[in-house]
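Trainee: Attaching a single structure in structure tokens format; questions to follow.
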Amino acid sequence: MLKIWGRTTSINVQKVLWCCAELGLKFDRVDAGGKFGVNNTPEYLAMNPNGLVPTISDDGFILWESHAIVRYLSRKHGRGTLWPNDETVCADADRWMEWYSTTLWGNLRPVFWNLVRVEPDKRDMKIVEESRKRMADNLKMVEQNLASRPYMAGNAFTMGDIPMGVALHRWFQLPIERPAYPRLAAYYEGLKQRPGFAQHCSAPLT
């Protein structure tokens, strides 16, 4: 059986759990990271020398990095759905996953970390505001992308929507100013209706 190490509050673990739900995969999950520790033990570091979550074992095959895991599971179990058969659509979904890593997350992380994980008197509100503005600019690209399609890579939900969904959950839950992006808001409302998102990604931010 698929085994997943990672706490349910981790944005990166949530991607994998949501992916598994979309694919109907059974798994055994072990709390790891944050208050649970485990990820700093010799046993864990032997699997994942980064000491981060998530890590999976799929019948002995060890894999870490959340997007690599989502791609692997989608390619193995979701051909024609999460992993589109059309190579150009698949590349489009993959492109948005990469964009999340290289662009969006770098601006979301300081906002989330300061407003959720840092005590109020220790928050760097200057970097929060700078990052918020950059993320608003980033999401304008998503708003424009959704003008011609209901999902990030076209007419169907794919692996490319998973990172965007968990990012938008934080964007819409954080106590920040947000530009009016109606297509983005409608897209997020649609993602919230998916059972896998509701089960694994909709909890209050911690």
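Ordering of the structure tokens sets the chain letters (A, B, ...); residue numbers start at 1 within each chain; ligands are numbered from 1 in the order shown.
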Which residues, written as a ChimeraX atom specification, have at least one atom at most 7 Å from range 9-18 of chain A, with only C-alpha atoms counted and residues fewer than 3 positions away on the same chain left out?

Mentor: /A:6,21-22,53-54,66,69-70,162-163,166,196-197,200-201,206

Trainee: Residues of range 13-166 of chain A in strand (DSSP E) according to DSSP, as a list in words?

Mentor: Phe27, Asp28, Arg29, Val30, Thr55, Ile56, Ser57, Asp58, Phe61, Ile62, Leu63 and Trp64 of chain A

Trainee: Which of these residues is nearest to Asp94 in chain A, using only C-alpha atoms: A:Leu184, A:Leu82, A:Ile176, A:Leu63?

Mentor: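 Among the listed residues, A:Leu82 lies closest to Asp94 in chain A.
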
Trainee: If we count only C-alpha atoms, what is near range 147-154 of chain A at a cut-off of 10 Å, once residues fewer than 2 positions away on the same chain are taken out, given as a PyMOL selection string?

Mentor: chain A and resi 84+88-97+142-145+156-162+164+183-184+186-187+190-191

Trainee: Store the residues of this selection in a file with N, CA, C and O atoms, as an mmCIF file, in the first residue's frame.

Mentor:
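So result38.cif came out as:
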data_model
loop_
_atom_site.group_PDB
_atom_site.id
_atom_site.type_symbol
_atom_site.label_atom_id
_atom_site.label_comp_id
_atom_site.auth_asym_id
_atom_site.auth_seq_id
_atom_site.Cartn_x
_atom_site.Cartn_y
_atom_site.Cartn_z
ATOM 1 N N PRO A 84 -3.366 14.240 -18.506
ATOM 2 C CA PRO A 84 -4.093 14.255 -19.786
ATOM 3 C C PRO A 84 -3.408 13.431 -20.864
ATOM 4 O O PRO A 84 -2.171 13.362 -20.944
ATOM 5 N N THR A 88 0.005 18.162 -25.314
ATOM 6 C CA THR A 88 0.076 19.612 -25.138
ATOM 7 C C THR A 88 -0.710 20.054 -23.903
ATOM 8 O O THR A 88 -0.286 20.966 -23.182
ATOM 9 N N VAL A 89 -1.834 19.412 -23.650
ATOM 10 C CA VAL A 89 -2.611 19.730 -22.449
ATOM 11 C C VAL A 89 -1.835 19.313 -21.207
ATOM 12 O O VAL A 89 -1.801 20.032 -20.198
ATOM 13 N N CYS A 90 -1.180 18.150 -21.285
ATOM 14 C CA CYS A 90 -0.375 17.671 -20.167
ATOM 15 C C CYS A 90 0.773 18.638 -19.885
ATOM 16 O O CYS A 90 1.060 18.964 -18.724
ATOM 17 N N ALA A 91 1.413 19.118 -20.945
ATOM 18 C CA ALA A 91 2.506 20.081 -20.781
ATOM 19 C C ALA A 91 1.997 21.388 -20.196
ATOM 20 O O ALA A 91 2.682 22.032 -19.391
ATOM 21 N N ASP A 92 0.793 21.789 -20.580
ATOM 22 C CA ASP A 92 0.196 23.010 -20.047
ATOM 23 C C ASP A 92 -0.030 22.873 -18.544
ATOM 24 O O ASP A 92 0.290 23.776 -17.758
ATOM 25 N N ALA A 93 -0.593 21.736 -18.120
ATOM 26 C CA ALA A 93 -0.799 21.485 -16.689
ATOM 27 C C ALA A 93 0.530 21.495 -15.948
ATOM 28 O O ALA A 93 0.652 22.081 -14.865
ATOM 29 N N ASP A 94 1.526 20.869 -16.549
ATOM 30 C CA ASP A 94 2.851 20.796 -15.941
ATOM 31 C C ASP A 94 3.463 22.183 -15.824
ATOM 32 O O ASP A 94 4.110 22.514 -14.822
ATOM 33 N N ARG A 95 3.242 23.012 -16.832
ATOM 34 C CA ARG A 95 3.775 24.378 -16.826
ATOM 35 C C ARG A 95 3.250 25.171 -15.631
ATOM 36 O O ARG A 95 4.000 25.872 -14.951
ATOM 37 N N TRP A 96 1.952 25.041 -15.336
ATOM 38 C CA TRP A 96 1.384 25.778 -14.217
ATOM 39 C C TRP A 96 1.889 25.255 -12.878
ATOM 40 O O TRP A 96 2.039 26.019 -11.918
ATOM 41 N N MET A 97 2.185 23.966 -12.813
ATOM 42 C CA MET A 97 2.794 23.420 -11.594
ATOM 43 C C MET A 97 4.184 24.017 -11.385
ATOM 44 O O MET A 97 4.568 24.360 -10.258
ATOM 45 N N VAL A 142 -3.445 34.310 -13.777
ATOM 46 C CA VAL A 142 -4.381 33.193 -13.653
ATOM 47 C C VAL A 142 -5.782 33.641 -14.045
ATOM 48 O O VAL A 142 -6.509 32.931 -14.754
ATOM 49 N N GLU A 143 -6.175 34.835 -13.606
ATOM 50 C CA GLU A 143 -7.470 35.405 -13.995
ATOM 51 C C GLU A 143 -7.589 35.467 -15.518
ATOM 52 O O GLU A 143 -8.620 35.094 -16.098
ATOM 53 N N GLN A 144 -6.535 35.900 -16.172
ATOM 54 C CA GLN A 144 -6.545 35.983 -17.633
ATOM 55 C C GLN A 144 -6.576 34.597 -18.269
ATOM 56 O O GLN A 144 -7.263 34.377 -19.277
ATOM 57 N N ASN A 145 -5.847 33.667 -17.673
ATOM 58 C CA ASN A 145 -5.834 32.297 -18.204
ATOM 59 C C ASN A 145 -7.224 31.678 -18.154
ATOM 60 O O ASN A 145 -7.633 30.945 -19.056
ATOM 61 N N ALA A 156 -10.902 20.401 -18.471
ATOM 62 C CA ALA A 156 -11.034 19.371 -17.440
ATOM 63 C C ALA A 156 -10.045 19.606 -16.305
ATOM 64 O O ALA A 156 -8.966 20.182 -16.507
ATOM 65 N N PHE A 157 -10.414 19.149 -15.124
ATOM 66 C CA PHE A 157 -9.537 19.204 -13.954
ATOM 67 C C PHE A 157 -8.346 18.290 -14.183
ATOM 68 O O PHE A 157 -8.495 17.131 -14.585
ATOM 69 N N THR A 158 -7.139 18.802 -13.932
ATOM 70 C CA THR A 158 -5.912 18.016 -14.096
ATOM 71 C C THR A 158 -4.997 18.238 -12.900
ATOM 72 O O THR A 158 -5.304 19.010 -11.985
ATOM 73 N N MET A 159 -3.839 17.596 -12.961
ATOM 74 C CA MET A 159 -2.843 17.765 -11.897
ATOM 75 C C MET A 159 -2.434 19.227 -11.744
ATOM 76 O O MET A 159 -2.027 19.672 -10.668
ATOM 77 N N GLY A 160 -2.551 20.013 -12.814
ATOM 78 C CA GLY A 160 -2.172 21.423 -12.764
ATOM 79 C C GLY A 160 -3.058 22.272 -11.876
ATOM 80 O O GLY A 160 -2.676 23.378 -11.488
ATOM 81 N N ASP A 161 -4.246 21.765 -11.543
ATOM 82 C CA ASP A 161 -5.159 22.520 -10.687
ATOM 83 C C ASP A 161 -4.892 22.299 -9.201
ATOM 84 O O ASP A 161 -5.370 23.084 -8.370
ATOM 85 N N ILE A 162 -4.164 21.258 -8.859
ATOM 86 C CA ILE A 162 -3.965 20.926 -7.447
ATOM 87 C C ILE A 162 -3.104 21.967 -6.729
ATOM 88 O O ILE A 162 -3.531 22.500 -5.686
ATOM 89 N N MET A 164 -2.583 25.016 -7.591
ATOM 90 C CA MET A 164 -3.303 26.284 -7.623
ATOM 91 C C MET A 164 -4.407 26.301 -6.577
ATOM 92 O O MET A 164 -4.639 27.320 -5.909
ATOM 93 N N ARG A 183 -13.230 35.652 -12.122
ATOM 94 C CA ARG A 183 -13.023 34.303 -12.657
ATOM 95 C C ARG A 183 -12.218 33.450 -11.677
ATOM 96 O O ARG A 183 -12.492 32.259 -11.500
ATOM 97 N N LEU A 184 -11.244 34.065 -11.039
ATOM 98 C CA LEU A 184 -10.443 33.347 -10.045
ATOM 99 C C LEU A 184 -11.311 32.916 -8.874
ATOM 100 O O LEU A 184 -11.207 31.778 -8.392
ATOM 101 N N ALA A 186 -14.558 32.396 -8.863
ATOM 102 C CA ALA A 186 -15.482 31.347 -9.296
ATOM 103 C C ALA A 186 -14.754 30.005 -9.435
ATOM 104 O O ALA A 186 -15.298 28.947 -9.074
ATOM 105 N N TYR A 187 -13.543 30.054 -9.943
ATOM 106 C CA TYR A 187 -12.717 28.848 -10.069
ATOM 107 C C TYR A 187 -12.467 28.236 -8.695
ATOM 108 O O TYR A 187 -12.629 27.028 -8.497
ATOM 109 N N GLY A 190 -15.475 26.537 -7.300
ATOM 110 C CA GLY A 190 -15.663 25.234 -7.920
ATOM 111 C C GLY A 190 -14.747 24.177 -7.343
ATOM 112 O O GLY A 190 -15.166 23.030 -7.095
ATOM 113 N N LEU A 191 -13.495 24.537 -7.105
ATOM 114 C CA LEU A 191 -12.555 23.581 -6.521
ATOM 115 C C LEU A 191 -12.997 23.154 -5.131
ATOM 116 O O LEU A 191 -12.828 22.000 -4.732
#

Trainee: One decimal, in Å: what's the spacing between CA of Arg7 in chain A and CA of Met135 in chain A?

Mentor: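 Atom-to-atom, CA of Arg7 in chain A and CA of Met135 in chain A are spaced 25.7 Å apart.
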